[in-house]
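Colleague: protein_9.pdb is reproduced in full below (PDB, C-alpha atoms).
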MODEL        1
ATOM      1  CA  MET A   1       1.879 -22.499 -15.474
ATOM      2  CA  HIS A   2       1.968 -18.716 -15.544
ATOM      3  CA  LYS A   3       4.512 -18.601 -12.750
ATOM      4  CA  ASP A   4       7.154 -19.970 -15.059
ATOM      5  CA  ASN A   5       7.604 -16.568 -16.586
ATOM      6  CA  CYS A   6       8.068 -14.506 -13.410
ATOM      7  CA  LYS A   7      11.613 -13.803 -14.491
ATOM      8  CA  GLU A   8      10.539 -12.638 -17.908
ATOM      9  CA  ILE A   9       7.934 -10.336 -16.351
ATOM     10  CA  PHE A  10      10.490  -9.086 -13.851
ATOM     11  CA  ALA A  11      12.789  -7.985 -16.676
ATOM     12  CA  LEU A  12      10.004  -5.997 -18.348
ATOM     13  CA  LEU A  13       8.455  -4.251 -15.369
ATOM     14  CA  SER A  14       9.993  -0.821 -15.936
ATOM     15  CA  ASP A  15       9.031  -0.810 -19.595
ATOM     16  CA  TYR A  16       5.564  -1.816 -18.479
ATOM     17  CA  LEU A  17       5.337   0.969 -15.887
ATOM     18  CA  ASN A  18       6.655   3.432 -18.473
ATOM     19  CA  LEU A  19       3.955   2.372 -20.937
ATOM     20  CA  GLU A  20       6.703   1.529 -23.390
ATOM     21  CA  LEU A  21       5.563  -1.973 -24.270
ATOM     22  CA  PRO A  22       3.491  -3.040 -27.236
ATOM     23  CA  PRO A  23      -0.126  -3.935 -26.357
ATOM     24  CA  ASP A  24       0.496  -7.694 -26.645
ATOM     25  CA  ALA A  25       3.307  -7.639 -24.112
ATOM     26  CA  CYS A  26       1.241  -5.442 -21.759
ATOM     27  CA  LYS A  27      -1.566  -7.892 -21.933
ATOM     28  CA  GLU A  28       0.756 -10.788 -21.190
ATOM     29  CA  ILE A  29       2.112  -9.000 -18.133
ATOM     30  CA  GLU A  30      -1.345  -8.108 -16.892
ATOM     31  CA  THR A  31      -2.509 -11.676 -17.263
ATOM     32  CA  HIS A  32       0.511 -12.849 -15.329
ATOM     33  CA  LEU A  33       0.096 -10.260 -12.584
ATOM     34  CA  ALA A  34      -3.560 -11.138 -12.163
ATOM     35  CA  GLY A  35      -2.538 -14.612 -11.114
ATOM     36  CA  CYS A  36       0.716 -13.945  -9.285
ATOM     37  CA  PRO A  37       0.415 -11.950  -6.040
ATOM     38  CA  PRO A  38       4.185 -11.841  -5.355
ATOM     39  CA  CYS A  39       4.757 -10.263  -8.765
ATOM     40  CA  ILE A  40       1.937  -7.771  -8.189
ATOM     41  CA  GLU A  41       3.488  -6.813  -4.906
ATOM     42  CA  PHE A  42       6.889  -6.474  -6.488
ATOM     43  CA  ALA A  43       5.509  -4.375  -9.343
ATOM     44  CA  GLU A  44       3.728  -2.132  -6.855
ATOM     45  CA  SER A  45       6.905  -1.610  -4.826
ATOM     46  CA  LEU A  46       8.758  -0.724  -8.022
ATOM     47  CA  ARG A  47       6.021   1.734  -8.989
ATOM     48  CA  LYS A  48       6.326   3.383  -5.566
ATOM     49  CA  THR A  49      10.084   3.564  -5.934
ATOM     50  CA  VAL A  50       9.623   5.442  -9.201
ATOM     51  CA  GLU A  51       7.078   7.724  -7.557
ATOM     52  CA  LEU A  52       9.528   8.495  -4.736
ATOM     53  CA  CYS A  53      12.231   9.299  -7.275
ATOM     54  CA  ARG A  54       9.894  11.688  -9.059
ATOM     55  CA  GLN A  55       9.333  13.547  -5.815
ATOM     56  CA  TYR A  56      12.928  13.483  -4.720
ATOM     57  CA  ARG A  57      14.873  16.713  -4.683
ATOM     58  CA  PRO A  58      18.183  17.106  -2.915
ATOM     59  CA  THR A  59      18.024  19.133   0.270
ATOM     60  CA  GLU A  60      21.039  21.066  -0.968
ATOM     61  CA  LEU A  61      20.249  24.284  -2.774
ATOM     62  CA  PRO A  62      22.636  26.459  -4.722
ATOM     63  CA  GLU A  63      23.799  29.671  -3.102
ATOM     64  CA  PRO A  64      21.968  32.712  -4.453
ATOM     65  CA  LEU A  65      23.428  33.819  -7.765
ATOM     66  CA  GLY A  66      26.186  36.349  -7.116
ATOM     67  CA  ALA A  67      26.153  39.743  -8.848
ATOM     68  CA  ARG A  68      29.261  38.943 -10.866
ATOM     69  CA  ALA A  69      27.984  35.576 -12.024
ATOM     70  CA  ARG A  70      24.722  37.198 -13.064
ATOM     71  CA  GLU A  71      26.579  39.888 -15.000
ATOM     72  CA  GLU A  72      28.472  37.191 -16.910
ATOM     73  CA  LEU A  73      25.222  35.528 -17.848
ATOM     74  CA  VAL A  74      23.551  38.788 -18.836
ATOM     75  CA  ALA A  75      26.543  39.614 -21.042
ATOM     76  CA  ALA A  76      26.340  36.201 -22.726
ATOM     77  CA  TYR A  77      22.599  36.632 -23.241
ATOM     78  CA  LYS A  78      23.008  40.112 -24.721
ATOM     79  CA  LYS A  79      25.741  38.929 -27.031
ATOM     80  CA  MET A  80      23.609  36.018 -28.174
ATOM     81  CA  ARG A  81      20.662  38.368 -28.728
ATOM     82  CA  ALA A  82      22.803  40.729 -30.766
ATOM     83  CA  SER A  83      23.833  38.005 -33.196
ATOM     84  CA  TYR A  84      20.651  36.002 -33.043
ATOM     85  CA  GLY A  85      18.342  38.974 -33.352
ATOM     86  CA  SER A  86      19.911  40.002 -36.615
ATOM     87  CA  ASN A  87      18.892  36.687 -38.152
ATOM     88  CA  LEU A  88      15.314  37.002 -37.096
ATOM     89  CA  PRO A  89      12.519  38.799 -38.831
ATOM     90  CA  ALA A  90      11.313  41.775 -36.837
ATOM     91  CA  LYS A  91       8.436  40.919 -34.570
TER      92      LYS A  91
ATOM     93  CA  MET B   1       7.953  24.011 -13.557
ATOM     94  CA  GLU B   2       6.154  22.100 -16.281
ATOM     95  CA  ARG B   3       7.710  21.454 -19.646
ATOM     96  CA  ASP B   4       5.149  23.757 -21.280
ATOM     97  CA  THR B   5       6.145  26.629 -19.044
ATOM     98  CA  GLU B   6       9.815  26.018 -19.840
ATOM     99  CA  THR B   7       9.048  26.041 -23.532
ATOM    100  CA  ALA B   8       7.168  29.318 -23.224
ATOM    101  CA  LEU B   9      10.062  30.776 -21.257
ATOM    102  CA  ALA B  10      12.556  29.668 -23.901
ATOM    103  CA  ARG B  11      10.420  31.249 -26.618
ATOM    104  CA  ARG B  12      10.229  34.502 -24.715
ATOM    105  CA  LEU B  13      13.983  34.541 -24.247
ATOM    106  CA  MET B  14      14.512  33.911 -27.942
ATOM    107  CA  ALA B  15      12.170  36.783 -28.678
ATOM    108  CA  GLY B  16      14.285  39.022 -26.463
ATOM    109  CA  GLU B  17      11.839  39.462 -23.620
ATOM    110  CA  ALA B  18      14.319  40.323 -20.920
ATOM    111  CA  ASP B  19      11.976  39.647 -18.017
ATOM    112  CA  ALA B  20      12.149  35.946 -18.870
ATOM    113  CA  PHE B  21      15.878  35.964 -18.219
ATOM    114  CA  ASP B  22      15.939  35.805 -14.421
ATOM    115  CA  ARG B  23      13.223  33.184 -14.275
ATOM    116  CA  PHE B  24      15.002  31.044 -16.793
ATOM    117  CA  VAL B  25      18.304  31.372 -14.953
ATOM    118  CA  GLU B  26      16.819  30.649 -11.557
ATOM    119  CA  HIS B  27      14.892  27.631 -12.768
ATOM    120  CA  PHE B  28      17.622  25.932 -14.745
ATOM    121  CA  ARG B  29      20.377  26.862 -12.348
ATOM    122  CA  ALA B  30      18.609  24.903  -9.603
ATOM    123  CA  LYS B  31      18.030  21.964 -11.930
ATOM    124  CA  ILE B  32      21.614  21.783 -13.116
ATOM    125  CA  PHE B  33      22.871  22.226  -9.569
ATOM    126  CA  HIS B  34      20.774  19.273  -8.410
ATOM    127  CA  TYR B  35      21.869  17.067 -11.261
ATOM    128  CA  THR B  36      25.542  17.860 -10.763
ATOM    129  CA  TRP B  37      25.335  17.649  -7.019
ATOM    130  CA  LEU B  38      23.801  14.198  -7.240
ATOM    131  CA  MET B  39      26.371  13.179  -9.837
ATOM    132  CA  CYS B  40      29.442  14.384  -7.979
ATOM    133  CA  GLY B  41      28.404  15.329  -4.459
ATOM    134  CA  GLN B  42      30.450  18.530  -4.487
ATOM    135  CA  ARG B  43      28.715  21.822  -3.857
ATOM    136  CA  GLU B  44      31.469  23.890  -5.439
ATOM    137  CA  ASP B  45      31.550  21.753  -8.567
ATOM    138  CA  ALA B  46      27.769  21.846  -8.832
ATOM    139  CA  GLU B  47      27.712  25.646  -8.660
ATOM    140  CA  GLU B  48      30.491  25.936 -11.228
ATOM    141  CA  VAL B  49      28.881  23.457 -13.586
ATOM    142  CA  ALA B  50      25.588  25.356 -13.298
ATOM    143  CA  GLN B  51      27.303  28.617 -14.189
ATOM    144  CA  ASP B  52      29.362  27.105 -17.023
ATOM    145  CA  THR B  53      26.259  25.445 -18.426
ATOM    146  CA  LEU B  54      24.179  28.603 -18.357
ATOM    147  CA  LEU B  55      26.958  30.573 -20.043
ATOM    148  CA  LYS B  56      27.133  27.973 -22.775
ATOM    149  CA  VAL B  57      23.332  27.929 -23.013
ATOM    150  CA  PHE B  58      23.195  31.654 -23.650
ATOM    151  CA  GLU B  59      26.165  31.600 -26.012
ATOM    152  CA  SER B  60      24.507  28.955 -28.146
ATOM    153  CA  PHE B  61      20.852  29.755 -27.645
ATOM    154  CA  ASP B  62      20.441  30.225 -31.378
ATOM    155  CA  GLN B  63      21.202  26.512 -31.792
ATOM    156  CA  LEU B  64      18.112  25.528 -29.867
ATOM    157  CA  GLN B  65      15.999  24.529 -32.821
ATOM    158  CA  GLU B  66      12.956  23.379 -30.904
ATOM    159  CA  PRO B  67      12.042  25.349 -27.773
ATOM    160  CA  GLU B  68       9.914  22.416 -26.582
ATOM    161  CA  ARG B  69      13.163  20.483 -26.182
ATOM    162  CA  VAL B  70      14.829  23.098 -24.048
ATOM    163  CA  ARG B  71      15.107  20.783 -21.026
ATOM    164  CA  PRO B  72      17.015  17.969 -22.747
ATOM    165  CA  TRP B  73      19.047  20.559 -24.637
ATOM    166  CA  VAL B  74      20.154  22.234 -21.398
ATOM    167  CA  PHE B  75      20.911  18.861 -19.822
ATOM    168  CA  ARG B  76      23.047  17.820 -22.758
ATOM    169  CA  ILE B  77      25.186  20.892 -22.156
ATOM    170  CA  ALA B  78      25.150  20.287 -18.401
ATOM    171  CA  LYS B  79      26.212  16.679 -18.820
ATOM    172  CA  ASN B  80      29.198  17.749 -20.893
ATOM    173  CA  ALA B  81      30.109  20.497 -18.426
ATOM    174  CA  CYS B  82      29.855  17.935 -15.657
ATOM    175  CA  LEU B  83      32.169  15.566 -17.515
ATOM    176  CA  MET B  84      34.673  18.342 -18.171
ATOM    177  CA  LYS B  85      34.694  19.164 -14.502
ATOM    178  CA  ARG B  86      35.286  15.557 -13.640
ATOM    179  CA  ARG B  87      37.402  14.489 -16.563
ATOM    180  CA  LYS B  88      39.650  12.522 -14.265
ATOM    181  CA  SER B  89      36.917   9.992 -13.717
ATOM    182  CA  ILE B  90      35.779   9.565 -17.303
ATOM    183  CA  PHE B  91      38.078   6.631 -17.755
ATOM    184  CA  ALA B  92      37.171   5.017 -14.488
ATOM    185  CA  PRO B  93      35.781   1.561 -15.206
ATOM    186  CA  ALA B  94      32.020   1.580 -15.259
ATOM    187  CA  HIS B  95      30.419  -0.750 -12.785
ATOM    188  CA  GLU B  96      27.558  -2.778 -14.229
ATOM    189  CA  LEU B  97      24.505  -3.929 -12.331
ATOM    190  CA  SER B  98      23.038  -7.267 -13.319
ATOM    191  CA  LEU B  99      19.366  -8.030 -13.461
ATOM    192  CA  ASP B 100      19.747 -11.295 -11.592
ATOM    193  CA  GLU B 101      21.054  -9.701  -8.451
ATOM    194  CA  PHE B 102      17.706  -7.956  -7.978
ATOM    195  CA  MET B 103      15.456 -10.839  -8.891
ATOM    196  CA  PRO B 104      13.686 -11.896  -5.712
ATOM    197  CA  SER B 105      14.948 -15.335  -4.692
ATOM    198  CA  LYS B 106      12.598 -18.059  -5.696
ATOM    199  CA  SER B 107      10.606 -20.006  -3.228
ATOM    200  CA  ASP B 108      11.156 -23.733  -3.457
ATOM    201  CA  SER B 109       7.724 -24.846  -4.459
ATOM    202  CA  ASP B 110       6.438 -22.912  -7.420
ATOM    203  CA  GLY B 111       9.193 -20.634  -8.642
ATOM    204  CA  ALA B 112       7.274 -17.447  -7.852
ATOM    205  CA  PRO B 113       9.205 -14.649  -6.145
ATOM    206  CA  LYS B 114       9.121 -14.827  -2.392
ATOM    207  CA  LEU B 115       6.693 -12.519  -0.666
ATOM    208  CA  GLN B 116       8.442  -9.388   0.469
ATOM    209  CA  ILE B 117       8.583  -8.934   4.194
ATOM    210  CA  ALA B 118       8.559  -5.174   3.844
ATOM    211  CA  ASP B 119       5.089  -3.730   3.725
ATOM    212  CA  TRP B 120       5.077  -1.303   0.835
ATOM    213  CA  SER B 121       1.325  -1.010   0.757
ATOM    214  CA  SER B 122       1.315   1.120   3.891
ATOM    215  CA  LEU B 123       3.468   3.770   2.254
ATOM    216  CA  PRO B 124       1.394   6.685   1.069
ATOM    217  CA  ASP B 125       2.811   7.991  -2.200
ATOM    218  CA  ASP B 126       2.910  11.587  -1.149
ATOM    219  CA  GLN B 127       4.097  11.513   2.445
ATOM    220  CA  VAL B 128       7.089   9.287   2.614
ATOM    221  CA  LEU B 129       9.552  11.874   1.480
ATOM    222  CA  GLN B 130       8.856  13.907   4.593
ATOM    223  CA  SER B 131      10.529  11.127   6.446
ATOM    224  CA  GLU B 132      13.967   9.670   6.844
ATOM    225  CA  MET B 133      13.059   7.614   3.818
ATOM    226  CA  ARG B 134      14.202  10.503   1.665
ATOM    227  CA  GLU B 135      17.621  10.240   3.275
ATOM    228  CA  VAL B 136      17.673   6.549   2.531
ATOM    229  CA  LEU B 137      16.700   7.256  -1.047
ATOM    230  CA  GLY B 138      19.321   9.993  -1.349
ATOM    231  CA  ARG B 139      22.028   7.639  -0.114
ATOM    232  CA  ALA B 140      20.809   4.873  -2.409
ATOM    233  CA  ILE B 141      20.976   7.234  -5.394
ATOM    234  CA  GLY B 142      24.487   8.238  -4.375
ATOM    235  CA  ASP B 143      25.493   4.577  -4.183
ATOM    236  CA  LEU B 144      24.383   3.826  -7.744
ATOM    237  CA  PRO B 145      27.181   3.501 -10.289
ATOM    238  CA  GLU B 146      27.404   6.779 -12.214
ATOM    239  CA  ASN B 147      26.254   5.346 -15.520
ATOM    240  CA  TYR B 148      23.025   4.247 -13.850
ATOM    241  CA  ARG B 149      22.639   7.327 -11.688
ATOM    242  CA  SER B 150      22.685   9.698 -14.652
ATOM    243  CA  VAL B 151      19.894   7.704 -16.310
ATOM    244  CA  ILE B 152      17.627   7.692 -13.277
ATOM    245  CA  LEU B 153      18.219  11.395 -12.637
ATOM    246  CA  LEU B 154      17.179  12.289 -16.156
ATOM    247  CA  ARG B 155      14.384   9.763 -16.630
ATOM    248  CA  ASP B 156      12.691   9.639 -13.256
ATOM    249  CA  MET B 157      13.598  12.947 -11.658
ATOM    250  CA  GLU B 158      13.760  15.258 -14.634
ATOM    251  CA  GLU B 159      11.149  13.162 -16.396
ATOM    252  CA  LEU B 160      12.858  13.273 -19.761
ATOM    253  CA  SER B 161      11.629  10.675 -22.250
ATOM    254  CA  THR B 162      13.698   7.618 -23.122
ATOM    255  CA  GLU B 163      14.578   9.209 -26.453
ATOM    256  CA  GLU B 164      15.598  12.516 -24.861
ATOM    257  CA  THR B 165      17.683  10.774 -22.203
ATOM    258  CA  ALA B 166      19.393   8.702 -24.874
ATOM    259  CA  GLN B 167      20.248  11.880 -26.722
ATOM    260  CA  VAL B 168      21.553  13.696 -23.648
ATOM    261  CA  LEU B 169      23.752  10.810 -22.551
ATOM    262  CA  GLU B 170      24.681   9.705 -26.065
ATOM    263  CA  LEU B 171      23.403   6.191 -25.486
ATOM    264  CA  SER B 172      21.015   3.950 -27.374
ATOM    265  CA  GLU B 173      17.416   3.912 -26.204
ATOM    266  CA  ASP B 174      17.767   0.238 -25.307
ATOM    267  CA  THR B 175      20.709   1.016 -23.049
ATOM    268  CA  VAL B 176      18.711   3.767 -21.368
ATOM    269  CA  LYS B 177      15.846   1.339 -20.746
ATOM    270  CA  THR B 178      18.126  -1.375 -19.407
ATOM    271  CA  ARG B 179      19.995   0.952 -17.099
ATOM    272  CA  LEU B 180      16.825   2.625 -15.892
ATOM    273  CA  HIS B 181      15.299  -0.697 -14.927
ATOM    274  CA  ARG B 182      18.399  -1.861 -13.077
ATOM    275  CA  ALA B 183      18.804   1.473 -11.329
ATOM    276  CA  ARG B 184      15.186   1.359 -10.174
ATOM    277  CA  LEU B 185      15.642  -2.200  -8.968
ATOM    278  CA  ALA B 186      18.730  -1.214  -7.027
ATOM    279  CA  LEU B 187      16.893   1.668  -5.358
ATOM    280  CA  ARG B 188      13.886  -0.534  -4.678
ATOM    281  CA  ALA B 189      16.122  -3.079  -2.980
ATOM    282  CA  LYS B 190      17.638  -0.435  -0.684
ATOM    283  CA  LEU B 191      14.223   0.980   0.213
ATOM    284  CA  ASP B 192      12.973  -2.535   0.781
ATOM    285  CA  ASP B 193      15.845  -3.244   3.181
ATOM    286  CA  TYR B 194      15.048  -0.059   4.997
ATOM    287  CA  LEU B 195      11.328  -0.818   5.247
ATOM    288  CA  THR B 196      12.062  -4.306   6.462
ATOM    289  CA  THR B 197      14.263  -2.978   9.250
ATOM    290  CA  ALA B 198      12.571   0.252  10.187
ATOM    291  CA  GLY B 199       8.965  -0.529   9.387
ATOM    292  CA  PRO B 200       6.393   2.002   8.291
ATOM    293  CA  ARG B 201       5.478   3.004  11.805
ATOM    294  CA  THR B 202       8.916   4.453  12.354
ATOM    295  CA  ILE B 203       8.482   6.386   9.148
ATOM    296  CA  ALA B 204       5.050   7.662  10.027
ATOM    297  CA  ARG B 205       6.329   9.188  13.268
ATOM    298  CA  ARG B 206       8.864  11.348  11.481
TER     299      ARG B 206
ENDMDL
END
Starting from the coordinates I provided, produce the structure as structure tokens.
Modeller:
Amino acid sequence: MHKDNCKEIFALLSDYLNLELPPDACKEIETHLAGCPPCIEFAESLRKTVELCRQYRPTELPEPLGARAREELVAAYKKMRASYGSNLPAK
Amino acid sequence: MERDTETALARRLMAGEADAFDRFVEHFRAKIFHYTWLMCGQREDAEEVAQDTLLKVFESFDQLQEPERVRPWVFRIAKNACLMKRRKSIFAPAHELSLDEFMPSKSDSDGAPKLQIADWSSLPDDQVLQSEMREVLGRAIGDLPENYRSVILLRDMEELSTEETAQVLELSEDTVKTRLHRARLALRAKLDDYLTTAGPRTIARR
């Protein structure tokens, strides 16, 4: 009987893994998974996919920040500080 | 860098502690570069977007109301800078992924998804990215339609919350959830294909 709602479970798996489901729905999914090995396996592969994404960083790195680019940023920061600082109480 | 550390850094910058500046720049520059590079695949664009974003960040730092939201705040600016850079493609039709295409095909007898041939259980969580699997994942991310890619980059790689991602991308939270799920399913399917063909032993050797 429980296998009838594989599709429903399938649609909710990310919300489930993200802990974004209300307790009732979580419980329903857990009950289903407990009796449906293919869905468990699928859920586990999805969880690993998410884990791999979390670890993933591109191999490409930016070039070191050039002196001129840094100067531009410092100037913007100083300008912001000058206007922002005046609105702040002294430390 | 953890969110807490970023928040502390943002607070120090707001307080005018200049030694926080280079750390802040280095940290967020790399983040924005990665996001843009994965969104557009162009090194030059990614460097320019990173610089444009940081300039805008410093110009408008006083608008950062809550330092604990510095990451989504920076990404909102980066997303807009990225769009400006690529304005040609804004009107490109968005490709939609459907849930059904990732639903495992049903076996005849009981309607349960078919057992996967790929053996995911042998994949250790922390080692696979040393392998060519990371290349497969990188390609799979690049193949995602942009509107899905941006969601997975922010939710799963930058670990923004659903609410923060929705705010950055100017989408509803439901749309973020839907796209995230479909993007994950699409990546899972590509990794599954790879595991089915290559097998974990090939991966382990790398």
Colleague: Name all residues at most 6 Å from stretch 49-57 of chain A (count only C-alpha atoms; drop same-chain ones fewer than 6 positions away) and give them as a list in words.
Modeller: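 The residues satisfying every condition are Asp156, Met157 and Arg188 of chain B.
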Colleague: Could you tell me which residues the PyMOL selection byres ((chain A and resi 18) around 12) returns for this structure, as a PyMOL selection string?
Modeller: (chain A and resi 12-17+19-22+26+46-47+50-51) or (chain B and resi 155-156+159-162+177+180-181)
Colleague: Nearest to chain A among B:Lys56, B:Arg71, B:Arg12, B:Arg23, with distances taken over only C-alpha atoms: which residue is it?
Modeller: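 Among the listed residues, B:Lys56 lies closest to chain A.
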Colleague: Do you have the atom CA of B:Thr197-atom CA of B:His95 distance handy?
Modeller: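 Separating atom CA of B:Thr197 from atom CA of B:His95 is a distance of 27.4 Å.
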Colleague: Determine the nearest neighbour of chain A from the options B:Leu55, B:Ala18, B:Met133, B:Ala10, counting all atoms listed in the file.
Modeller: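 Of B:Leu55, B:Ala18, B:Met133, B:Ala10, the one nearest chain A, counting all atoms listed in the file, is B:Leu55.
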Colleague: Residues near B:Asp22, anyone? I mean within 10 Å using all atoms listed in the file, not counting same-chain ones fewer than 5 positions away, as a PDB file with C-alpha atoms, in the coordinates of the input.
Modeller:
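Everything below was put into out18.pdb:
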ATOM      1  CA  ARG A  70      24.722  37.198 -13.064  1.00  0.00           C
ATOM      2  CA  LEU A  73      25.222  35.528 -17.848  1.00  0.00           C
ATOM      3  CA  VAL A  74      23.551  38.788 -18.836  1.00  0.00           C
TER       4      VAL A  74
ATOM      5  CA  HIS B  27      14.892  27.631 -12.768  1.00  0.00           C
TER       6      HIS B  27
END
Colleague: May I ask which of the residues A:Lys27, A:Glu71, A:Gly66, A:Ser45 is the closest one to chain B, counting only C-alpha atoms?
Modeller: A:Ser45
Colleague: Using only C-alpha atoms, which of the listed residues (A:Thr31, A:Pro64, A:Phe10, A:Phe42) sits closest to B:Ala189?
Modeller: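 Ranking A:Thr31, A:Pro64, A:Phe10, A:Phe42 by distance to B:Ala189, first place goes to A:Phe42.
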Colleague: Tell me, as JSON, numbers by chain, which residues lie within 10 Å of B:Glu96, counting only C-alpha atoms; anything in the same chain fewer than 4 positions away does not count.
Modeller: {"B": [144, 145, 146, 147, 148, 179, 182]}
Colleague: Any chance you could work out the residue set of the PyMOL selection byres ((chain B and resi 67) around 8) here, as a PyMOL selection string?
Modeller: chain B and resi 7-8+10-11+64-66+68-70
Colleague: One number please: atom CA of A:Glu28 to atom CA of A:Ile9, in Å, one decimal.
Modeller: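 One can read the atom CA of A:Glu28 to atom CA of A:Ile9 distance as 8.7 Å.
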Colleague: So the first atom is atom CA of B:Glu48 and the second is atom CA of A:Glu63; what is the distance between them in Å, to one decimal place?
Modeller: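 So the two atoms, atom CA of B:Glu48 and atom CA of A:Glu63, lie 11.2 Å apart.
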Colleague: As a check of understanding, name the residues that the PyMOL selection byres ((chain B and resi 187) around 8) selects in the supplied structure, as a PyMOL selection string.
Modeller: (chain A and resi 49) or (chain B and resi 137+140-141+183-186+188-191)
Colleague: Tell me which of A:Cys6, A:Asp24, A:Glu60, A:Ala11 sits closest to A:Pro37, counting only C-alpha atoms.
Modeller: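 Result for the nearest residue to A:Pro37: A:Cys6.
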Colleague: For chain B, which residue among A:Ala43, A:Leu33, A:Met80, A:Ala25 is the nearest when counting all atoms listed in the file?
Modeller: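 That would be A:Met80, the residue with the smallest distance to chain B.
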Colleague: Is there a way to complete stretch 65-84 of chain A with N, CA and C atoms and then write that out as a PDB file, in the frame of the given file?
Modeller:
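Result written to out-v1.pdb:
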ATOM      1  N   LEU A  65      22.536  33.419  -6.683  1.00  0.00           N
ATOM      2  CA  LEU A  65      23.428  33.819  -7.765  1.00  0.00           C
ATOM      3  C   LEU A  65      24.124  35.134  -7.416  1.00  0.00           C
ATOM      4  N   GLY A  66      25.432  35.132  -7.439  1.00  0.00           N
ATOM      5  CA  GLY A  66      26.186  36.349  -7.116  1.00  0.00           C
ATOM      6  C   GLY A  66      26.052  37.382  -8.232  1.00  0.00           C
ATOM      7  N   ALA A  67      26.318  38.656  -7.869  1.00  0.00           N
ATOM      8  CA  ALA A  67      26.153  39.743  -8.848  1.00  0.00           C
ATOM      9  C   ALA A  67      27.079  39.544 -10.048  1.00  0.00           C
ATOM     10  N   ARG A  68      28.295  39.080  -9.773  1.00  0.00           N
ATOM     11  CA  ARG A  68      29.261  38.943 -10.866  1.00  0.00           C
ATOM     12  C   ARG A  68      28.861  37.806 -11.806  1.00  0.00           C
ATOM     13  N   ALA A  69      28.417  36.715 -11.205  1.00  0.00           N
ATOM     14  CA  ALA A  69      27.984  35.576 -12.024  1.00  0.00           C
ATOM     15  C   ALA A  69      26.785  35.976 -12.888  1.00  0.00           C
ATOM     16  N   ARG A  70      25.890  36.758 -12.299  1.00  0.00           N
ATOM     17  CA  ARG A  70      24.722  37.198 -13.064  1.00  0.00           C
ATOM     18  C   ARG A  70      25.136  38.101 -14.221  1.00  0.00           C
ATOM     19  N   GLU A  71      26.086  38.996 -13.933  1.00  0.00           N
ATOM     20  CA  GLU A  71      26.579  39.888 -15.000  1.00  0.00           C
ATOM     21  C   GLU A  71      27.144  39.084 -16.173  1.00  0.00           C
ATOM     22  N   GLU A  72      27.893  38.058 -15.854  1.00  0.00           N
ATOM     23  CA  GLU A  72      28.472  37.191 -16.910  1.00  0.00           C
ATOM     24  C   GLU A  72      27.370  36.608 -17.786  1.00  0.00           C
ATOM     25  N   LEU A  73      26.323  36.152 -17.111  1.00  0.00           N
ATOM     26  CA  LEU A  73      25.222  35.528 -17.848  1.00  0.00           C
ATOM     27  C   LEU A  73      24.471  36.552 -18.688  1.00  0.00           C
ATOM     28  N   VAL A  74      24.256  37.723 -18.089  1.00  0.00           N
ATOM     29  CA  VAL A  74      23.551  38.788 -18.836  1.00  0.00           C
ATOM     30  C   VAL A  74      24.364  39.160 -20.078  1.00  0.00           C
ATOM     31  N   ALA A  75      25.685  39.253 -19.904  1.00  0.00           N
ATOM     32  CA  ALA A  75      26.543  39.614 -21.042  1.00  0.00           C
ATOM     33  C   ALA A  75      26.433  38.558 -22.142  1.00  0.00           C
ATOM     34  N   ALA A  76      26.442  37.283 -21.732  1.00  0.00           N
ATOM     35  CA  ALA A  76      26.340  36.201 -22.726  1.00  0.00           C
ATOM     36  C   ALA A  76      24.987  36.256 -23.434  1.00  0.00           C
ATOM     37  N   TYR A  77      23.947  36.549 -22.664  1.00  0.00           N
ATOM     38  CA  TYR A  77      22.599  36.632 -23.241  1.00  0.00           C
ATOM     39  C   TYR A  77      22.507  37.787 -24.244  1.00  0.00           C
ATOM     40  N   LYS A  78      23.069  38.931 -23.833  1.00  0.00           N
ATOM     41  CA  LYS A  78      23.008  40.112 -24.721  1.00  0.00           C
ATOM     42  C   LYS A  78      23.769  39.868 -26.010  1.00  0.00           C
ATOM     43  N   LYS A  79      24.913  39.212 -25.862  1.00  0.00           N
ATOM     44  CA  LYS A  79      25.741  38.929 -27.031  1.00  0.00           C
ATOM     45  C   LYS A  79      24.990  37.984 -27.974  1.00  0.00           C
ATOM     46  N   MET A  80      24.386  36.972 -27.374  1.00  0.00           N
ATOM     47  CA  MET A  80      23.609  36.018 -28.174  1.00  0.00           C
ATOM     48  C   MET A  80      22.462  36.749 -28.885  1.00  0.00           C
ATOM     49  N   ARG A  81      21.791  37.628 -28.146  1.00  0.00           N
ATOM     50  CA  ARG A  81      20.662  38.368 -28.728  1.00  0.00           C
ATOM     51  C   ARG A  81      21.126  39.212 -29.905  1.00  0.00           C
ATOM     52  N   ALA A  82      22.296  39.835 -29.724  1.00  0.00           N
ATOM     53  CA  ALA A  82      22.803  40.729 -30.766  1.00  0.00           C
ATOM     54  C   ALA A  82      23.022  39.969 -32.072  1.00  0.00           C
ATOM     55  N   SER A  83      23.578  38.759 -31.964  1.00  0.00           N
ATOM     56  CA  SER A  83      23.833  38.005 -33.196  1.00  0.00           C
ATOM     57  C   SER A  83      22.585  37.278 -33.675  1.00  0.00           C
ATOM     58  N   TYR A  84      21.841  36.772 -32.711  1.00  0.00           N
ATOM     59  CA  TYR A  84      20.651  36.002 -33.043  1.00  0.00           C
ATOM     60  C   TYR A  84      19.564  36.896 -33.614  1.00  0.00           C
TER      61      TYR A  84
END
